[in-house]
Structure formats: C-alpha cells, structure tokens
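Trainee: Have a look at this one before I ask anything.
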Amino acid sequence: MLFFTRWKAAGILLTAFIVCLFALPNFFSESTLRTWPSWAQRHMVLGLDLQGGSSLLLEVDVATVRKDRLQGLADDVLRTLRQNRIPFTGRTIHSNGVEVRITRESDVDNAVSKLRELSQPLTGVVGSTGQRSVDISESGGLITLTPSDAALTERIRQTIDQSIQIVERRVNELGLVEPTIQRQGASRILVQVPGLQDPSRLKAIIGKTAKLDFRMVDETMTPEQALASHPPADSEILDGESGEKYLIEKRALVSGGDLVDAQPSFDQRNGQPIVNFRFNSAGARKFAEVTQQNVGKRFAIVLDNKVISAPVINEPIPGGAGQISGNFTVQSANDLAILLRAGALPAPLTVVEERTVGPGLGQDSINAGEHAAYVGAALVIFFMLVTYGLFGLFANIAVAVNVAMIFGVLSMLGATLTLPGIAGIVLTVGIAVDSNVLIYERIREEVRAGRTAISAIDAGFSRALATILDSNITTFIAAAVLFYIGTGPVRGFAVTLGIGILTSLFTAFTLTRLIVAYWVRLWRPRTVPI
Amino acid sequence: MNRPVRLLRIVPDDTKFDFMRFRRISFPISAVLSIAAILLYFFHGLNFGIDFVGGTLMEVQTKAGPADLAKMRGTIAGLHLGDFQLQQFGAPNDVLIRISEQPGGDAAQQEAVQKVRNALGEDVEYRRVEVVGPSVSTELLSYGTIGLVLAIGAILIYLWFRFEWQFALGAMIANVHDLVLTVGFMSITHIDFDLTSIAALLTILGYSLNDTVVIYDRIREMLRRYKRMSMPDLLNASINATLSRSIVTHLTVSLSLLALLLFGGQAIRSFTATMMFGVVLVGTYTSVFIASPILIYLGVGRTRQGEPEDTEAEAPPTAPAAPTGPPTPSKPSPPRQRARSRR
C-alpha cells in the first residue's frame, strides 16, 4: 500500500496539479480571461441566486397545439373529399379525432384510400419508425381519422423548437445581457437572464403570441346587429383595444409571416408613436392587389385576435410598406415592432414558474457562503490538527487539494455555482475529512493490535479504503438521484456533492497515501504519531 | 520518534460499551418516536413551501428604515389576493411575503405578483421573487417523492450486492426511520418544506447510510474473522471499534454544518437546520442503536457454530492489550491461542 513507483507518484501529483490549475481562471476578471487561449478560459458560472437575475419557465399550451392539429386535419379532409368529388355529410371534430360520414356506400373504399394519403409515415432519427401520422378507421361509412400520439409528440417538439427560436429573437431584441434559453422537458422552455431585476416587460414580450393578420372588415351588418342575431358564417366579432366591437372576416388577406421588417416611429402629422412595416415580395403583391380591389372599404389589423386599428383604404398601397397606428405609447410601439420582427409564436406560452433574485441578495449570499466556508474550514483544520497532529496536517493538505480540485472540475465543466452548491462543497469537506479519519482510526487500531508502525500504516490504509469506497458510493448514489430529479438549485447541490465525492476518493486513495508513503520513507518511523 | 504534543483523544482506546443491551430500550423508543412523527405529519402537517403547493414568495427590503409590517399587511390585504403571510426575515427591514396560489391557473399567479409590485411601488427593493404555478408545483412534489424512493431503492440494491440481504434490509429500516424522524422534526419546527428540504433529506439518507455502511463493513469483517463469537458480542465489538471514527467524523461534519448554520445566511438556514438534526442527532443514533442490533433480529449469524476458522493469517502474535483466554462477553479477543496451535 505504501509503495509507489516514481512514475505513479509523478502521475498522481501531476493529475492533482492540473485539475487544480483549471480552477485558476475563476480568479481573473472576464476581460483578462479574453486574452487567454480559449481552452483555458473555461470557468464556473455563478447561478442566478448568487449573481442576481431572473429565471422564467415557460410552457407551451399543448391543448392549442392539439386543437390546431385537429383543425388542420379537418381542413385537409374537406379538401381531399372535395377534390375527388366524394359527397359526404357531417364532418365533426371531437376531442381526439375527426369524423366524416360518406354519403354513398360505393364511395367509402375510394374515400378511405384517398384519405390515407393524408397520413405520412413518421421518420425517427434512424429511418422509418413504422408509425404513421394519422390512424384511419372505418365502420359503416363513418370514417374516423385520429392523429397518432407519436405524431402529436413530434408536433409539440417542433412547436417548442420554433418557439425557442422566436423567444430567442425576442429576448435578444430587448438587449438583455447573456440570456440563456433552453428546452426543458417535453413542453417547456427555460429562459434565464442574469442581472434582470424586474421581468415584467420580459414576460409581456414573451407571453404574446403576436399573430398578426390583415383582414377585411365585414360591412354587411353592424357589429351590434351581428351580436343580436348571428354573425355571417365567414366572419367573427372581435374586440378592439378599448373594448369596442368589430365584425371581421375570418379569412386573412396577408399575415404577419409575410413581414420582413418592423420599426417604431412617429406619425409626422400628429407625433403619435406608430409602427412602420415592410412586406416581402409575395406579401407586397397580395397587399397591393387587395388594396386595389377594396378602395373605400375598411380593413383591420388584428393582433392576437384583437383589432389594433381598422383604417379605411384611401388608395391602393403598391410598395409593400405601411404603418400601424393605434393607441401606442413609445414603449408599446417599440414592443410591437420587436414582436413583429421576431415573428409569431406557433402556440401560446404561459409562465409556469418565475424566480427572480435581486443583486443585493445575491451578493449577500456569496458573502455568507464564503464566510461560512472559511469558518467551517478553519474549525475543521484546527480540529484535525489537535486530534491527529502531523497526520492531521496531511489530512488538511489533502482536503485543501480536494477543494481546489472540486473548483477545477467545476470550471472544466463550466458548471453553475449556486448557494446550495456552496453548501455541497462545505459538506464535501466533511466527507473528505471522514476518509482520513477512517484511515487514521484504522491505523490507531492496528497499532493497538501490536503491529509495527509501517505495518500498521499499511494495513490501516488497505482496510480503510474498502470501507471508504463502500460508504462513498452510497452517498454518490444519493447525489446522482438528486442530480437526475432535481432542477436549478438542487441540481447545483448534487453536482458539487457528486464531484466532491469523486475528488475526495481520489485524494484518499492516492494523495494522502502518497504523502504518508514519502513521510515513512524519509523518517523511517518506529511509532505512529497519531 | 517521541510524541511531541499530546493529541486529543475524544474516545479512549478500547472502549467496551455494551451497546446491544440498549436495544431493549432503543427499539421501543424509536418505535414510539416514529409513530409520533407519523402522527405529527398527518395531524400537524408540514409547512409546505411554494415549490410544492404553488403560490408566490417575495422577499422585500424596505429602503428607509425598518419595515412597517402592519402597514404592509394592510396594503396587501387591500389587493384581495386571498391568504397571505408576512414575516420578518433576518434583518428588521427584510420582509418575506407569501401569497397562496391564486385561482385561475398559471397566468393568475403572474397577475398577483404584478399587483403586489405596483402596490408596494418603489419604497422597497425586491430581493427575491418566486412564483410557482399549479402545473409545476404538483410535478415538483411527485418528482421529489419519486427521487427519494429511487434513491433508497438504488442504495438498497447496491448494499444487497455488496453485503447480504439482511444488511440491505437493516439499512433500509434504519433509513426510513431516519427520514420519518426528520420529517417529524420538520413538522414540529414548522420549517419550510421545499425543494431544498428534499435535498436535505437525500443528504441525510446518504450520510446515515455512510455511517451504517462503515459499521456494517466492520461487522462483515468480524463475521469472517471470528466464527464463534456470539452475535451481540460481535456487534458490540464492531461498534466499539468504529466508535472513535464515528464520533470524530460527526464532530467534523457538525463543525461544517455549524459554520453553515451560523454564517451561511437565511437562504439555506432551514436546509442546514434539518441536516444538523438528521445527520448529527438521528443518523449517529440510528447506526449504533438501530441498524446494528436489527441484524440480530434479521437472522444474521443465526447459524454461527462449528470450528473456528481463522482467516486472519497474519494475526498479530503479541497483542499487548488483549487478554488471553476465552473471549469475554464484551470484548472480542482474537483467538490467538487457537491460531497459534494451528500453525
């Protein structure tokens, strides 16, 4: 146990040294680090609970995604049957599928085979998964189309992907510093913005779907008449900004997807804030066409099913540029421009969790954590010296190296240090000390059993190490489970605890042994001073 | 080499406490305490934090002087947000506001926060705002519970693999006992039960097992070495042999925890307090008085008989402290004479 070849000793020291070295970048400022080679720049990131900032967890409204999918499927069914001139009655959308009744029994087989074309095979990461996007069943002329779960899951995944891109664009437009946006779970997005103290505006910007449509105002009857009786089949009643009612056609002339740019500006006539926008060429062509055909009529600019304004078309607008005026403030005009530039979300997002920490609390927590770490370390170092003397010093060296190595590994991983993470490090000091205690107590025992100094040290190490391994693996399992199920701060704790167990195993198995081995070689002790 | 300084011996060498005798006291005590903890959980309940029941938590600091809690209470009551609590948190100008979950889903929680922000205005600094919606809170609670169960399961399988099934079962009973008592402690002290509490429970689990495993390791070693020693004697010997380590380790862990408790700040106080109770008080007691004696009831060593088989080939020929002759009830003496005669 006490014999190390020169190479092995060098390897151990070198490993410990290099891992410790990785902790170095944490002591330099961001600007100094930039002059370093990129591989050496990696360092720990302070969690939002330490540096302050805001963390929002957004959830995609899965119900909307499902509803949209069913609506789309129903439209496809309608189109397919019409194209093939198959008469049908009753097309209904129910909670998880679309039903259609074919009028003539002789058409049923034909209808099923045509509708089957709507169902594509799903492809996974490696080729076909054997599943199809829509399941079709038929009984007595009633055809039921059900989107498969796999297809829906895939749709939600795509929705999240698109949403992440759009949220990213919106957040970047707000000019926030170093935001991180990442997927979490199946239907959630985590947005973290360091330094942000009041996320109200961020939430307002992210929370809007920003679906923009240009539609015609239905002037066949007044909104009041429509409310009293029934609105025409192709129109609906929408609210305006200040609660007034409009009767608007359901069909969109041009949609926000055709916008290429939007900028806040001021109306030259009255100085009111407005938003200028520009269409792409397809959008510009459609817009020109529509405005030419409808001079003198009103069209409506509809954002998230709310009418922002409903101006009269005075003349055809050929250039593909226009402006939206409404009751804007400078900020709301700016926000609308951001939303229009970034594009519409495919489905609404709701904030399901928010955690914001002000900079004051963050700094207090860092101070408290450091303070506790110093006091804890001082107490433990003193206690070990008093209890084990020279060997206590060895243990203290090992523990110090251990802590440096934890910081090194955390930096290598670019891990996030949270307050519970600091608690994890403080606890790891306890674990690292325990390894030494186990070894030393075993050595004491072996001495009492009458062994010579060297033999006792040797036996102490070899017997204690088995115990250390067993006891640390159990704690490591707990840390692994914590990491797996935990989020945010809890995960930070699990990471430092887990890494701490690994580094303390390393120091117990190699470094402490190496130090003691060299001491034995140099002093050739007859008794063990513990 | 002479010893230059007298080193601290917290536990004298060669202790011979008869721990096993206490099992007739410790088992009933633990049973009563466990039942009390379970009753507390059901009738007194836990102070579930917003992580698990949803709602809003705001830590605000008044900018001018100590906070006027009564006035603040009035302001927030005027918003009609249902149940809320105000509480001083550390410094006199630091206030913790807890608002219960609003009816109307995730969006309603956000509105509530905005209302409070508008009402309190610029007079306070918002040190922390946490909003957990209903969809997340139920999930967090189930994840937490699943995590605990998974951890216990994984550790059990490991122990089963490394030891005998009786050891795994004994460790599990000891663990559940620890967790139950800690939950009882959290109920009685009304400490916030949130995500970090789950972290604390898992760490307690890890530490307590750590301790149990150290003793079990020694028991296993003794079982192999002394084939004839009676089970209570063997367990006593194992606990006595590891006693010094247990106490030194727990002292160092307590020192670390004490530093965290005193200087680590309010944010992790409930975490450290729980750990202190679970690791230092319950964990140690359990390893010695529950986890070890239970092995007797689980039938470890029931078939102990037959010829001694000294696997310890390099047994020390001259152990100075050990008495010769037949093993005394409380102290394991290596059967040296037999070993010698066999050589």
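Scheme for the structure tokens: letters A, B, ... for chains in order shown; per-chain residue numbers from 1; ligand numbers from 1 in order shown.
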Could you build a table of the residues in chain A lying no more than 7 Å from chain B, giving for each the nearest pair of atoms and their separation in Å rounded to one decimal place, using only C-alpha atoms, ordered by chain and ascending residue number, as CSV?
Mentor:
residue,atom,partner,partner_atom,distance
A:Thr350,CA,B:Ala107,CA,6.7
A:Val351,CA,B:Asp106,CA,6.6
A:Val352,CA,B:Gly133,CA,4.8
A:Glu353,CA,B:Val132,CA,4.5
A:Glu354,CA,B:Val131,CA,4.8
A:Arg355,CA,B:Glu130,CA,4.2
A:Thr356,CA,B:Val129,CA,4.8
A:Val357,CA,B:Arg128,CA,4.2
A:Gly358,CA,B:Arg127,CA,4.3
A:Gly360,CA,B:Arg127,CA,6.5
A:Leu361,CA,B:Arg127,CA,5.5
A:Ser365,CA,B:Gly265,CA,6.5
A:Ala368,CA,B:Gly264,CA,4.8
A:Gly369,CA,B:Gly264,CA,5.2
A:His371,CA,B:Phe263,CA,6.2
A:Ala372,CA,B:Phe263,CA,4.9
A:Val375,CA,B:Ala259,CA,5.8
A:Gly376,CA,B:Ser256,CA,4.6
A:Leu379,CA,B:Leu255,CA,6.4
A:Val380,CA,B:Thr252,CA,5.9
A:Val386,CA,B:Leu8,CA,5.8
A:Thr387,CA,B:Leu8,CA,4.6
A:Tyr388,CA,B:Leu7,CA,6.3
A:Gly389,CA,B:Leu7,CA,6.5
A:Val426,CA,B:Ser256,CA,6.3
A:Leu427,CA,B:Ser256,CA,6.7
A:Gly430,CA,B:Val253,CA,5.0
A:Asp434,CA,B:Thr249,CA,5.4
A:Val437,CA,B:Arg245,CA,6.1
A:Leu438,CA,B:Arg245,CA,6.0
A:Glu441,CA,B:Arg245,CA,6.0
A:Ala449,CA,B:Ala319,CA,5.1
A:Gly450,CA,B:Ala319,CA,4.9
A:Arg451,CA,B:Pro316,CA,6.7
A:Thr467,CA,B:Val214,CA,5.9
A:Asp470,CA,B:Val213,CA,6.9
A:Ser471,CA,B:Asn210,CA,4.4
A:Asn472,CA,B:Asn210,CA,6.7
A:Thr474,CA,B:Ile155,CA,5.9
A:Thr475,CA,B:Gly206,CA,4.2
A:Ile477,CA,B:Ile155,CA,6.5
A:Ala478,CA,B:Ala151,CA,5.5
A:Val481,CA,B:Ala151,CA,5.8
A:Leu482,CA,B:Gly147,CA,6.8
A:Ile485,CA,B:Gly147,CA,6.0
A:Val490,CA,B:Thr196,CA,6.2
A:Pro525,CA,B:Met1,CA,6.2
A:Arg526,CA,B:Met1,CA,6.3
A:Thr527,CA,B:Met1,CA,6.1
A:Pro529,CA,B:Arg3,CA,6.0
Trainee: Can you tell me which residues surround Pro25 in chain A at a distance of at most 10 Å, considering only C-alpha atoms, apart from same-chain residues fewer than 4 positions away, and format the answer as a list in words?
Mentor: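 Here the qualifying residues turn out to be Leu21, Ser29, Glu30, Thr32, Leu33, Trp36, Ala40, Gln41, Arg42, His43, Met44, Gly408 and Ser411 of chain A.
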Trainee: So that I can check the secondary structure, give me every residue of range 36-176 of chain A assigned helix (DSSP H, G or I) by backbone DSSP, as a PyMOL selection string.
Mentor: chain A and resi 38-40+48-51+62-83+105-116+149-173
Trainee: Counting only C-alpha atoms, which of A:Arg269, A:Arg513, A:Arg444, A:Arg6 gets nearest to Phe461 in chain A?
Mentor: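 That would be A:Arg513, the residue with the smallest distance to Phe461 in chain A.
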Trainee: Write down as number ranges by chain the residues of range 92-282 of chain B whose backbone DSSP state falls under strand (DSSP E).
Mentor: B: 92-99, 124-132, 192-193
Trainee: So which residues touch Leu505 in chain A within 10 Å, counting only C-alpha atoms, skipping near sequence neighbours fewer than 3 positions away, as a PyMOL selection string?
Mentor: chain A and resi 402+431-432+435+465+468-469+472-473+499-502+508-511
Trainee: List the spatial neighbours of Ala262 in chain A as a PDB file with C-alpha atoms, in the first residue's frame - criterion: any atom at most 10 Å away, only C-alpha atoms, same-chain residues fewer than 2 positions off excluded.
Mentor:
ATOM      1  CA  LEU A 259     -43.420  40.836 -42.843  1.00  0.00           C
ATOM      2  CA  VAL A 260     -39.726  41.405 -43.331  1.00  0.00           C
ATOM      3  CA  PRO A 264     -41.168  52.014 -34.218  1.00  0.00           C
ATOM      4  CA  SER A 265     -41.559  55.554 -35.469  1.00  0.00           C
ATOM      5  CA  VAL A 275     -45.012  51.094 -36.203  1.00  0.00           C
ATOM      6  CA  ASN A 276     -43.708  51.068 -39.770  1.00  0.00           C
ATOM      7  CA  PHE A 277     -43.579  47.711 -41.518  1.00  0.00           C
ATOM      8  CA  ARG A 278     -42.491  46.233 -44.815  1.00  0.00           C
ATOM      9  CA  PHE A 279     -43.743  43.081 -46.592  1.00  0.00           C
ATOM     10  CA  ALA A 321     -44.764  49.211 -46.893  1.00  0.00           C
ATOM     11  CA  GLY A 322     -47.265  50.549 -44.452  1.00  0.00           C
ATOM     12  CA  GLN A 323     -47.772  51.733 -40.938  1.00  0.00           C
ATOM     13  CA  ILE A 324     -49.850  50.661 -37.991  1.00  0.00           C
ATOM     14  CA  ASN A 334     -41.369  49.555 -29.667  1.00  0.00           C
ATOM     15  CA  LEU A 336     -44.952  45.638 -31.098  1.00  0.00           C
ATOM     16  CA  ALA A 337     -42.119  46.246 -33.564  1.00  0.00           C
ATOM     17  CA  ILE A 338     -39.981  43.732 -31.678  1.00  0.00           C
ATOM     18  CA  LEU A 339     -42.794  41.181 -31.725  1.00  0.00           C
ATOM     19  CA  LEU A 340     -43.434  41.668 -35.441  1.00  0.00           C
ATOM     20  CA  ARG A 341     -39.765  41.388 -36.341  1.00  0.00           C
ATOM     21  CA  ALA A 342     -39.310  38.244 -34.255  1.00  0.00           C
TER      22      ALA A 342
END
Trainee: Ranking A:Met221, A:Ile102, A:Ile274, A:Leu349 by minimum distance to Lys208 in chain A and counting only C-alpha atoms, which one comes first?
Mentor: A:Leu349
Trainee: Report as a JSON list (two decimals) with C-alpha atoms, in the first residue's frame all protein, DNA and RNA residues lying within 10 Å of Glu219 in chain A, evaluated on only C-alpha atoms, omitting residues in the same chain fewer than 6 positions from it.
Mentor:
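Okay, part.json is ready:
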[["chain", "number", "residue", "atom", "x", "y", "z"],
["A", 246, "TYR", "CA", -65.76, 44.86, -34.83],
["A", 247, "LEU", "CA", -67.21, 42.37, -37.29],
["A", 248, "ILE", "CA", -64.21, 40.98, -39.12],
["A", 249, "GLU", "CA", -63.90, 38.39, -41.89],
["A", 297, "LYS", "CA", -63.57, 49.89, -47.69],
["A", 298, "ARG", "CA", -62.08, 49.25, -44.26]]
Trainee: Taking into account only C-alpha atoms, which residue in the set A:Ile189, A:Val409, A:Ala466, A:Ile443 is nearest to Val495 in chain A?
Mentor: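 So, comparing all the options, the nearest one is A:Val409.
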Trainee: I'd like the contact shell of Arg201 in chain A - 12 Å cut-off, only C-alpha atoms, skipping same-chain residues fewer than 2 positions apart - returned as a ChimeraX atom specification.
Mentor: /A:54,170-171,174,176,196-199,203-208,331-332,334-335 /B:114
Trainee: Using only C-alpha atoms, which of B:Phe84, B:Phe17, B:Phe185, B:Tyr297 sits nearest Ala237 in chain B?
Mentor: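 Checking each of B:Phe84, B:Phe17, B:Phe185, B:Tyr297 against Ala237 in chain B, counting only C-alpha atoms, the winner is B:Phe17.
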Trainee: Which residues come within 10 Å of Ile86 in chain A, counting only C-alpha atoms, excluding same-chain residues fewer than 5 positions away, as a compact mmCIF listing (two decimals) with N, CA and C atoms, in the first residue's frame?
Mentor:
# COMPACT_ATOMS: atom_id res chain seq x y z
N LEU A 78 -61.64 17.89 -45.72
CA LEU A 78 -62.58 18.62 -46.55
C LEU A 78 -62.04 18.78 -47.96
N THR A 80 -59.60 17.13 -49.54
CA THR A 80 -59.40 15.87 -50.24
C THR A 80 -60.72 15.34 -50.81
N LEU A 81 -61.76 15.38 -49.97
CA LEU A 81 -63.04 14.83 -50.42
C LEU A 81 -63.62 15.68 -51.55
N ILE A 102 -69.49 9.30 -45.16
CA ILE A 102 -69.56 9.29 -46.61
C ILE A 102 -71.00 8.97 -47.01
N THR A 103 -71.55 9.76 -47.94
CA THR A 103 -72.97 9.60 -48.27
C THR A 103 -73.26 8.26 -48.96
N ARG A 104 -72.51 7.99 -50.04
CA ARG A 104 -72.80 6.77 -50.82
C ARG A 104 -71.86 5.65 -50.40
N ASP A 107 -68.72 4.83 -52.41
CA ASP A 107 -67.55 5.72 -52.38
C ASP A 107 -66.60 5.41 -51.23
N VAL A 108 -67.08 4.63 -50.25
CA VAL A 108 -66.34 4.50 -48.99
C VAL A 108 -64.89 4.05 -49.20
N ASN A 110 -63.00 4.13 -51.84
CA ASN A 110 -62.24 5.17 -52.52
C ASN A 110 -61.85 6.28 -51.54
N ALA A 111 -62.82 6.71 -50.72
CA ALA A 111 -62.58 7.79 -49.76
C ALA A 111 -61.47 7.40 -48.78
Trainee: From the list A:Asp61, A:Glu138, A:Glu241, A:Asp68, which residue is nearest Phe328 in chain A when using only C-alpha atoms?
Mentor: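 For Phe328 in chain A, the nearest of the given residues is A:Glu241.
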Trainee: Kindly give the distance, in Å, that separates CA of Val282 in chain B and CA of Gly486 in chain A, rounded to a single decimal.
Mentor: 24.8 Å
Trainee: Could you check how far CA of Leu410 in chain A sits from CA of Phe391 in chain A, in Å to one decimal?
Mentor: 28.4 Å
